[in-house]
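Printed here is structure_21.cif (mmCIF, C-alpha atoms):
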data_entry
loop_
_atom_site.label_atom_id
_atom_site.label_comp_id
_atom_site.auth_asym_id
_atom_site.auth_seq_id
_atom_site.Cartn_x
_atom_site.Cartn_y
_atom_site.Cartn_z
CA MET A 23 -25.51 9.62 -37.17
CA LYS A 24 -27.55 7.34 -39.37
CA LYS A 25 -30.30 5.60 -37.46
CA ALA A 26 -30.06 2.46 -39.56
CA GLY A 27 -26.52 2.07 -38.32
CA MET A 28 -27.59 2.64 -34.76
CA ARG A 29 -30.29 0.01 -34.97
CA THR A 30 -27.94 -2.55 -36.49
CA GLU A 31 -25.37 -1.84 -33.80
CA LYS A 32 -28.02 -2.37 -31.16
CA PHE A 33 -28.81 -5.84 -32.47
CA THR A 34 -25.17 -6.86 -32.90
CA VAL A 35 -24.17 -5.81 -29.40
CA SER A 36 -27.26 -7.35 -27.85
CA ALA A 37 -26.79 -10.65 -29.67
CA ALA A 38 -23.16 -10.95 -28.55
CA ALA A 39 -24.01 -9.92 -25.01
CA VAL A 40 -26.89 -12.36 -24.66
CA PHE A 41 -24.73 -15.04 -26.22
CA ALA A 42 -22.02 -14.53 -23.61
CA VAL A 43 -24.38 -14.18 -20.68
CA ILE A 44 -26.25 -17.40 -21.43
CA VAL A 45 -23.02 -19.30 -22.02
CA LEU A 46 -21.76 -18.25 -18.59
CA SER A 47 -23.97 -19.80 -15.93
CA PHE A 48 -21.78 -17.95 -13.47
CA SER A 49 -19.32 -15.17 -14.25
CA GLY A 50 -15.95 -15.61 -15.95
CA SER A 51 -13.75 -14.40 -18.75
CA ALA A 52 -14.47 -15.07 -22.40
CA GLY A 53 -11.04 -16.52 -23.08
CA ALA A 54 -9.72 -20.05 -22.77
CA SER A 55 -8.74 -21.31 -19.32
CA ASP A 56 -5.13 -20.89 -18.15
CA ALA A 57 -5.23 -24.23 -16.36
CA HIS A 58 -2.17 -26.49 -16.28
CA GLY A 59 -2.02 -30.22 -16.90
CA SER A 60 -2.41 -32.45 -13.86
CA GLY A 61 -1.48 -35.87 -15.16
CA THR A 62 -4.64 -37.41 -13.70
CA ASP A 63 -7.63 -39.05 -15.32
CA ASP A 64 -9.94 -36.17 -14.40
CA ALA A 65 -10.73 -33.38 -16.84
CA LEU A 66 -10.53 -30.48 -14.39
CA ILE A 67 -9.11 -30.32 -10.86
CA LEU A 68 -9.43 -27.40 -8.42
CA GLU A 69 -7.41 -27.08 -5.23
CA ASN A 70 -7.31 -24.36 -2.59
CA ALA A 71 -7.16 -23.97 1.17
CA TYR A 72 -10.72 -25.26 1.46
CA GLY A 73 -10.02 -28.58 -0.23
CA THR A 74 -9.96 -30.24 -3.64
CA ILE A 75 -12.72 -30.95 -6.14
CA ALA A 76 -12.43 -32.72 -9.49
CA PHE A 77 -14.64 -33.11 -12.54
CA SER A 78 -14.59 -36.29 -14.59
CA GLU A 79 -14.56 -36.64 -18.36
CA ALA A 80 -18.31 -37.35 -18.40
CA GLU A 81 -19.05 -34.35 -16.18
CA TYR A 82 -16.94 -32.02 -18.27
CA ARG A 83 -18.52 -33.30 -21.49
CA TYR A 84 -22.00 -32.81 -20.05
CA CYS A 85 -21.24 -29.16 -19.26
CA TYR A 86 -19.37 -28.56 -22.52
CA GLU A 87 -22.26 -29.83 -24.61
CA SER A 88 -24.75 -27.87 -22.48
CA VAL A 89 -22.76 -24.68 -22.98
CA ILE A 90 -22.75 -25.18 -26.76
CA ALA A 91 -26.47 -26.00 -26.83
CA GLN A 92 -27.32 -22.88 -24.81
CA ALA A 93 -25.13 -20.76 -27.07
CA ALA A 94 -26.76 -22.11 -30.21
CA ALA A 95 -30.23 -21.51 -28.75
CA ALA A 96 -29.27 -17.94 -27.83
CA ALA A 97 -27.92 -17.25 -31.31
CA GLY A 98 -30.92 -18.82 -33.00
CA ASP A 99 -31.18 -17.99 -36.69
CA TYR A 100 -28.24 -15.60 -36.35
CA ALA A 101 -25.67 -18.30 -35.58
CA ALA A 102 -24.42 -18.07 -39.16
CA MET A 103 -23.94 -14.34 -38.76
CA LEU A 104 -21.78 -15.06 -35.70
CA GLY A 105 -19.78 -17.59 -37.72
CA LEU A 106 -20.95 -20.59 -35.71
CA ASP A 107 -21.75 -23.79 -37.61
CA LEU A 108 -22.34 -26.83 -35.43
CA THR A 109 -22.21 -29.14 -38.46
CA LYS A 110 -18.49 -28.42 -38.84
CA PRO A 111 -15.53 -28.93 -36.47
CA LEU A 112 -15.50 -26.10 -33.93
CA SER A 113 -11.71 -26.17 -33.90
CA GLU A 114 -11.70 -25.00 -37.52
CA GLN A 115 -14.03 -22.01 -37.00
CA ASN A 116 -12.87 -18.61 -35.80
CA CYS A 117 -14.77 -17.27 -32.78
CA THR A 118 -16.22 -13.89 -33.71
CA ILE A 119 -17.31 -12.70 -30.25
CA SER A 120 -14.00 -13.06 -28.42
CA GLN A 121 -11.61 -10.14 -28.09
CA GLU A 122 -8.76 -12.60 -28.53
CA GLU A 123 -8.12 -14.72 -31.61
CA MET A 124 -9.32 -18.25 -30.96
CA SER A 125 -11.50 -21.00 -32.36
CA TRP A 126 -15.05 -21.68 -31.22
CA GLU A 127 -13.76 -24.87 -29.61
CA GLU A 128 -11.25 -22.91 -27.54
CA TYR A 129 -13.93 -20.41 -26.62
CA PHE A 130 -16.38 -23.06 -25.43
CA ILE A 131 -13.64 -24.90 -23.51
CA GLY A 132 -12.82 -21.62 -21.79
CA GLN A 133 -16.48 -21.01 -20.95
CA THR A 134 -16.94 -24.55 -19.63
CA SER A 135 -13.79 -24.42 -17.50
CA ASP A 136 -14.72 -21.00 -16.12
CA MET A 137 -18.22 -22.18 -15.27
CA LEU A 138 -16.99 -25.32 -13.52
CA THR A 139 -14.25 -23.38 -11.73
CA ASP A 140 -16.74 -20.90 -10.32
CA MET A 141 -19.11 -23.69 -9.36
CA GLY A 142 -16.34 -25.72 -7.73
CA VAL A 143 -14.69 -22.96 -5.70
CA VAL A 144 -18.04 -21.82 -4.34
CA VAL A 145 -18.92 -25.36 -3.23
CA LEU A 146 -15.51 -25.82 -1.59
CA GLU A 147 -15.74 -22.58 0.36
CA SER A 148 -19.36 -23.19 1.29
CA SER A 149 -18.72 -26.73 2.49
CA ALA A 150 -15.75 -25.61 4.56
CA ALA A 151 -17.88 -22.88 6.10
CA GLY A 152 -20.53 -25.43 7.09
CA ASN A 153 -23.23 -24.12 4.78
CA ALA A 154 -25.95 -26.02 2.92
CA ALA A 155 -23.42 -27.01 0.28
CA ASP A 156 -22.13 -29.78 2.53
CA ARG A 157 -24.48 -32.02 0.57
CA ALA A 158 -23.37 -30.65 -2.81
CA ASP A 159 -21.17 -33.61 -3.65
CA ALA A 160 -24.15 -35.93 -3.43
CA VAL A 161 -24.64 -37.88 -6.62
CA GLU A 162 -27.94 -39.60 -6.00
CA GLU A 163 -30.31 -40.70 -3.25
CA GLU A 164 -30.53 -44.46 -2.71
CA PRO A 165 -34.28 -45.32 -2.65
CA GLU A 166 -33.91 -48.24 -0.21
CA THR A 167 -31.83 -46.60 2.50
CA GLY A 168 -32.25 -42.90 1.85
CA GLU A 169 -28.49 -42.52 2.19
CA THR A 170 -26.61 -40.08 0.03
CA ALA A 171 -23.62 -41.35 -1.89
CA SER A 172 -20.77 -38.96 -2.53
CA ARG A 173 -18.43 -39.13 -5.47
CA GLU A 174 -15.51 -39.89 -3.17
CA GLU A 175 -17.29 -43.04 -1.99
CA GLU A 176 -17.94 -44.32 -5.51
CA PRO A 177 -15.61 -45.65 -8.20
CA GLU A 178 -14.43 -43.25 -10.90
CA THR A 179 -17.17 -42.29 -13.34
CA GLY A 180 -16.99 -44.69 -16.25
CA GLU A 181 -16.52 -47.81 -14.07
CA THR A 182 -18.89 -49.86 -11.97
CA ALA A 183 -18.12 -51.17 -8.47
CA SER A 184 -16.93 -54.44 -10.04
CA GLY A 185 -14.42 -52.59 -12.19
CA GLU A 186 -16.40 -53.06 -15.36
CA GLU A 187 -16.86 -50.12 -17.69
CA GLU A 188 -19.98 -48.13 -16.90
CA PRO A 189 -22.41 -47.85 -19.83
CA GLU A 190 -22.07 -44.49 -21.55
CA ALA A 191 -25.70 -43.53 -20.96
CA GLU A 192 -25.42 -44.38 -17.28
CA ALA A 193 -22.19 -42.40 -16.94
CA ALA A 194 -23.82 -39.40 -18.60
CA ASP A 195 -26.83 -39.61 -16.26
CA HIS A 196 -24.51 -39.94 -13.27
CA ALA A 197 -22.59 -36.86 -14.43
CA ALA A 198 -25.74 -34.81 -14.94
CA GLN A 199 -26.94 -35.63 -11.42
CA ARG A 200 -23.70 -34.56 -9.78
CA ILE A 201 -23.45 -31.34 -11.80
CA ALA A 202 -27.06 -30.51 -10.90
CA ALA A 203 -26.33 -31.03 -7.20
CA LEU A 204 -23.18 -28.90 -7.35
CA SER A 205 -24.92 -26.18 -9.30
CA THR A 206 -27.78 -26.01 -6.81
CA ALA A 207 -25.39 -25.78 -3.89
CA ALA A 208 -23.33 -23.06 -5.57
CA GLN A 209 -26.41 -21.02 -6.41
CA GLU A 210 -27.64 -21.29 -2.83
CA ARG A 211 -24.31 -19.95 -1.57
CA LEU A 212 -24.32 -17.07 -4.07
CA ALA A 213 -27.86 -16.22 -3.02
CA GLN A 214 -26.61 -16.09 0.56
CA ILE A 215 -23.80 -13.72 -0.46
CA ARG A 216 -26.42 -11.48 -2.05
CA GLN A 217 -28.58 -11.53 1.06
CA GLU A 218 -25.63 -10.66 3.28
CA ALA A 219 -24.81 -7.62 1.15
CA SER A 220 -26.57 -4.53 2.47
CA PHE A 221 -27.03 -1.29 0.52
CA SER A 222 -28.42 2.01 1.72
CA THR A 223 -30.81 4.13 -0.33
CA ALA A 224 -27.89 6.51 -0.89
CA ASP A 225 -25.82 3.62 -2.30
CA LEU A 226 -28.63 2.68 -4.67
CA GLU A 227 -29.22 6.24 -5.84
CA ALA A 228 -25.49 6.73 -6.42
CA TYR A 229 -25.35 3.53 -8.47
CA TYR A 230 -28.32 4.67 -10.54
CA ARG A 231 -26.73 8.03 -11.35
CA GLU A 232 -23.39 6.43 -12.20
CA HIS A 233 -25.00 3.88 -14.52
CA LEU A 234 -27.77 5.80 -16.22
CA ALA A 235 -27.14 3.93 -19.47
CA ASP A 236 -28.26 0.72 -17.77
CA PHE A 237 -31.54 2.18 -16.51
CA GLN A 238 -32.95 4.79 -18.87
CA SER A 239 -34.58 3.88 -22.15
CA VAL A 240 -36.59 5.71 -24.79
CA THR A 241 -39.23 4.78 -27.34
CA TYR A 242 -39.63 6.63 -30.63
CA LEU A 243 -40.72 6.29 -34.25
CA LEU A 244 -38.22 6.48 -37.08
CA ALA A 245 -38.92 7.39 -40.71
CA TYR A 246 -36.39 7.28 -43.54
CA VAL A 247 -36.57 9.61 -46.50
CA ASP A 248 -34.48 8.62 -49.50
CA GLY A 249 -32.59 11.54 -51.00
CA ASP A 250 -33.69 10.61 -54.52
CA GLY A 251 -37.15 11.97 -53.77
CA TYR A 252 -40.62 10.60 -54.52
CA GLU A 253 -43.48 11.17 -56.91
CA SER A 254 -45.14 13.30 -54.25
CA GLY A 255 -42.25 15.75 -54.26
CA SER A 256 -38.62 16.21 -53.33
CA ALA A 257 -37.03 14.53 -50.33
CA ARG A 258 -36.93 17.82 -48.48
CA SER A 259 -40.63 18.35 -49.18
CA CYS A 260 -41.39 14.92 -47.69
CA VAL A 261 -39.41 15.80 -44.58
CA GLU A 262 -41.22 19.11 -44.17
CA GLN A 263 -44.58 17.38 -44.33
CA LEU A 264 -43.50 14.77 -41.77
CA GLU A 265 -42.40 17.57 -39.46
CA GLN A 266 -46.00 18.81 -39.40
CA ALA A 267 -47.37 15.57 -37.92
CA GLN A 268 -49.48 16.32 -34.87
CA SER A 269 -49.73 12.76 -33.56
CA ALA A 270 -47.98 9.40 -33.76
CA SER A 271 -50.75 7.97 -35.95
CA ALA A 272 -50.49 10.97 -38.30
CA PHE A 273 -46.72 10.50 -38.47
CA GLU A 274 -47.15 6.84 -39.35
CA GLN A 275 -49.78 7.59 -41.99
CA LEU A 276 -47.76 10.38 -43.60
CA THR A 277 -44.65 8.21 -43.70
CA LYS A 278 -46.56 5.47 -45.50
CA GLU A 279 -48.13 7.92 -47.98
CA LEU A 280 -44.94 9.85 -48.73
CA THR A 281 -42.31 7.11 -48.72
CA GLY A 282 -44.30 3.93 -49.34
CA ALA A 283 -42.68 2.38 -46.26
CA ASP A 284 -43.80 1.85 -42.68
CA VAL A 285 -42.18 3.68 -39.81
CA SER A 286 -39.84 1.76 -37.52
CA ARG A 287 -40.87 1.68 -33.88
CA ILE A 288 -37.74 1.67 -31.70
CA GLU A 289 -38.99 0.55 -28.31
CA ASN A 290 -37.27 0.79 -24.93
CA ILE A 291 -33.80 1.19 -26.38
CA ARG A 292 -31.29 1.94 -23.65
CA SER A 293 -28.79 4.73 -24.03
CA ALA A 294 -25.97 2.19 -23.81
CA GLU A 295 -27.31 0.61 -27.01
CA MET A 296 -27.46 3.78 -29.07
CA GLY A 297 -23.88 3.96 -30.23
CA ASN A 298 -22.01 7.26 -29.97
CA PRO A 299 -23.42 9.08 -26.90
CA GLU A 300 -22.09 12.41 -28.27
CA ALA A 301 -24.05 12.17 -31.52
CA GLU A 302 -26.55 15.00 -31.82
CA ASP A 303 -29.58 12.76 -32.33
CA VAL A 304 -28.64 10.55 -29.37
CA ARG A 305 -28.25 13.56 -27.10
CA TRP A 306 -31.59 14.86 -28.36
CA LEU A 307 -33.32 11.58 -27.55
CA LEU A 308 -31.84 11.39 -24.06
CA SER A 309 -32.48 15.00 -23.14
CA GLY A 310 -34.70 15.40 -20.10
CA GLU A 311 -36.53 18.17 -21.98
CA ARG A 312 -38.19 15.77 -24.44
CA SER A 313 -41.94 15.25 -24.47
CA GLU A 314 -44.23 13.14 -26.64
CA GLY A 315 -44.61 14.53 -30.14
CA ASP A 316 -41.19 16.20 -30.34
CA LEU A 317 -39.59 15.75 -33.77
CA TYR A 318 -35.98 15.66 -34.87
CA THR A 319 -34.66 15.66 -38.44
CA GLY A 320 -31.20 14.49 -39.31
CA GLN A 321 -29.31 13.96 -42.53
CA THR A 322 -26.71 11.44 -43.55
CA GLY A 323 -25.31 11.78 -47.02
CA GLY A 324 -28.20 12.69 -49.29
CA ASN A 325 -30.77 10.89 -47.13
CA TYR A 326 -32.90 12.11 -44.25
CA PHE A 327 -34.34 10.53 -41.13
CA VAL A 328 -37.06 11.91 -38.90
CA LEU A 329 -37.59 10.89 -35.27
CA TYR A 330 -40.94 11.16 -33.51
CA TYR A 331 -40.41 11.01 -29.74
CA LEU A 332 -42.87 8.93 -27.73
CA GLU A 333 -41.67 8.35 -24.17
CA ARG A 334 -38.81 7.85 -21.78
CA ASP A 335 -38.61 5.24 -19.01
CA ASP A 336 -36.48 6.06 -15.96
CA GLN A 337 -37.59 2.95 -14.04
CA GLY A 338 -39.56 5.15 -11.66
CA PHE A 339 -36.52 6.99 -10.32
CA GLY A 340 -37.48 10.27 -8.64
CA GLU A 341 -41.13 9.24 -8.56
CA ASP A 342 -41.24 6.01 -6.56
CA GLU A 343 -38.60 5.27 -3.93
CA ASN A 344 -39.41 1.58 -4.26
CA GLY A 345 -39.79 1.57 -8.03
CA PRO A 346 -38.17 -0.84 -10.52
CA TRP A 347 -34.98 1.27 -10.46
CA LYS A 348 -34.35 0.26 -6.84
CA THR A 349 -34.70 -3.46 -7.50
CA GLN A 350 -32.46 -3.19 -10.56
CA ALA A 351 -29.82 -1.29 -8.59
CA GLU A 352 -29.97 -3.81 -5.72
CA ASN A 353 -29.57 -6.69 -8.17
CA ALA A 354 -26.63 -5.00 -9.87
CA LEU A 355 -24.83 -4.31 -6.59
CA GLY A 356 -25.61 -7.86 -5.52
CA ASP A 357 -23.97 -9.06 -8.73
CA ASP A 358 -20.92 -6.96 -7.87
CA ALA A 359 -20.75 -8.56 -4.42
CA CYS A 360 -20.88 -12.05 -5.95
CA ASP A 361 -18.26 -11.12 -8.54
CA ALA A 362 -15.90 -9.90 -5.82
CA TYR A 363 -16.48 -13.09 -3.82
CA LEU A 364 -15.79 -15.28 -6.87
CA ALA A 365 -12.72 -13.27 -7.90
CA GLN A 366 -11.18 -13.77 -4.46
CA LEU A 367 -11.84 -17.52 -4.54
CA ARG A 368 -10.41 -17.87 -8.05
CA GLU A 369 -7.28 -16.02 -7.01
CA GLU A 370 -6.74 -18.50 -4.18
CA THR A 371 -7.35 -21.60 -6.31
CA GLN A 372 -4.99 -23.72 -8.39
CA VAL A 373 -6.74 -24.96 -11.54
CA GLN A 374 -5.39 -27.97 -13.39
CA THR A 375 -6.56 -29.92 -16.41
CA GLY A 376 -6.11 -33.60 -17.02
CA PRO A 377 -5.92 -35.69 -20.21
CA ALA A 378 -9.63 -36.47 -19.93
CA LEU A 379 -10.45 -32.90 -20.99
CA ALA A 380 -9.23 -33.51 -24.54
CA ARG A 381 -11.51 -36.55 -24.80
CA ALA A 382 -14.45 -34.70 -23.23
CA VAL A 383 -14.61 -32.07 -26.00
CA VAL A 384 -14.70 -34.50 -28.90
CA LEU A 385 -18.24 -34.15 -30.20
CA GLY A 386 -19.77 -37.31 -31.55
#
Show how you would write the structure in this file as structure tokens.
Amino acid sequence: MKKAGMRTEKFTVSAAAVFAVIVLSFSGSAGASDAHGSGTDDALILENAYGTIAFSEAEYRYCYESVIAQAAAAAGDYAAMLGLDLTKPLSEQNCTISQEEMSWEEYFIGQTSDMLTDMGVVVLESSAAGNAADRADAVEEEPETGETASREEEPETGETASGEEEPEAEAADHAAQRIAALSTAAQERLAQIRQEASFSTADLEAYYREHLADFQSVTYLLAYVDGDGYESGSARSCVEQLEQAQSASAFEQLTKELTGADVSRIENIRSAEMGNPEAEDVRWLLSGERSEGDLYTGQTGGNYFVLYYLERDDQGFGEDENGPWKTQAENALGDDACDAYLAQLREETQVQTGPALARAVVLG
């Protein structure tokens, strides 16, 4: 397996994963929402046994634009590589990170609807259960009275109490305040779900062993040797000299002298990011028999690559019963508990969209 390919694959997978994770403030699928039209002026309406919650055009737009901004920030300079161009209509660009064929606009609508659905169902359940989220529907605190105004007690976003149209900036600020309150309440409830979940040491150790790819990582140096050879000798001769390196610094110096290029330091790469787990070089890297200074030579086509092993990080497993591995396992199992909680609520909820959604996703 060619290490250049492995390294590229690592970046591509990581970029797409980070992209998706940051887009989803909570969990949800990457596809567009399956919501049905409601015939109301709201953009998104959720209804279940706990009650009903709706999101206005301004609130949906606020979240939609936030999702896009977070996605663009996550992609950074690689947005073009992902096929995302915010200067052009999103509806005309194919989404490259979805398993289904869809436009970037459809993708972001799906992400926004999923995020708001998760937020909404958590707040409904929490409020019905008498938790701290009872105050989640608060829009703002009145400075004179200290009373909290709920959305149900106020006119529809976009209108003032007198029936006049609310200024766009004021509507946007109003929307941001309500979304912030709902988000805080939902996160508090999810934190409570995490706290209520209890895992034994045996549970944590079992999770670790079943998900080694998420915990273990290795660090090594990588040198490429072009098959065309160099002035200092043939490619094979270069490889043989690299294989004699007695230290990392010697390996780096020899690589520079023989190939004219610097070594690549591959740091803390997890096994899940290495590509084919059955490839000989991957199995060599992940072997528990490795120690610093071990060397591996592989060949792809007429070219060679040499690996200089540095270290392996097992998150303290087997050495410290309260090491980083335990916290990571607890967090992962806590995530699973929250996912199960959200999945149950989604299954019990009817999600509808209104005509305001189409207006909310028109970027100006």
Open item on the list: If I take CA of Glu314 (chain A) and CA of Tyr229 (chain A), how far is one from the other in Å, to one decimal?
Closed with: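 If I compute the distance from CA of Glu314 (chain A) to CA of Tyr229 (chain A), I get 27.9 Å.
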TODO: Select, from A:Leu226, A:Cys85, A:Tyr100, A:Arg312, the residue with the minimum atom-to-atom distance to Leu138 (chain A), counting all atoms listed in the file.
DONE: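 Of A:Leu226, A:Cys85, A:Tyr100, A:Arg312, the one nearest Leu138 (chain A), counting all atoms listed in the file, is A:Cys85.
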Task: Contact residues around region 271-288 of chain A with all atoms listed in the file at 6 Å, ignoring same-chain residues under 2 positions, as number ranges by chain - done: A: 241-245, 267, 269
Task: Nearest to Val328 (chain A) by atom-to-atom distance, counting all atoms listed in the file, from A:Tyr246, A:Trp347, A:Trp306, A:Tyr363 - done: A:Tyr246
- [ ] Report the residues retrieved by the PyMOL selection byres ((chain A and resi 350-358) around 10) from the displayed file, expressed as an MDAnalysis selection string.
- [x] chainID A and resid 49 212:213 215:223 225:230 233 236:237 337 345:349 359:364
- [ ] Go through A:Trp126, A:Tyr84, A:Tyr331, A:Tyr72 one by one, measure the shortest atom-to-atom distance of each to Ser313 (chain A) using all atoms listed in the file, and give the residue with the smallest value.
- [x] A:Tyr331
Polymer residues at most 10 Å from Arg211 (chain A), only C-alpha atoms, same-chain spacing of 4 or more positions, as a short mmCIF file (atom, residue, chain, number, x, y, z; two decimals) with C-alpha atoms, in the coordinates of the input:
data_model
loop_
_atom_site.label_atom_id
_atom_site.label_comp_id
_atom_site.auth_asym_id
_atom_site.auth_seq_id
_atom_site.Cartn_x
_atom_site.Cartn_y
_atom_site.Cartn_z
CA VAL A 144 -18.04 -21.82 -4.34
CA VAL A 145 -18.92 -25.36 -3.23
CA GLU A 147 -15.74 -22.58 0.36
CA SER A 148 -19.36 -23.19 1.29
CA SER A 149 -18.72 -26.73 2.49
CA ASN A 153 -23.23 -24.12 4.78
CA ALA A 154 -25.95 -26.02 2.92
CA ALA A 155 -23.42 -27.01 0.28
CA SER A 205 -24.92 -26.18 -9.30
CA THR A 206 -27.78 -26.01 -6.81
CA ALA A 207 -25.39 -25.78 -3.89
CA ILE A 215 -23.80 -13.72 -0.46
CA ARG A 216 -26.42 -11.48 -2.05
CA GLN A 217 -28.58 -11.53 1.06
CA CYS A 360 -20.88 -12.05 -5.95
#
Open item on the list: Just to confirm, what's the straight-line distance from CA of Gly376 (chain A) to CA of Ser135 (chain A) in Å (one decimal)?
Closed with: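 Separation of CA of Gly376 (chain A) and CA of Ser135 (chain A): 12.0 Å.
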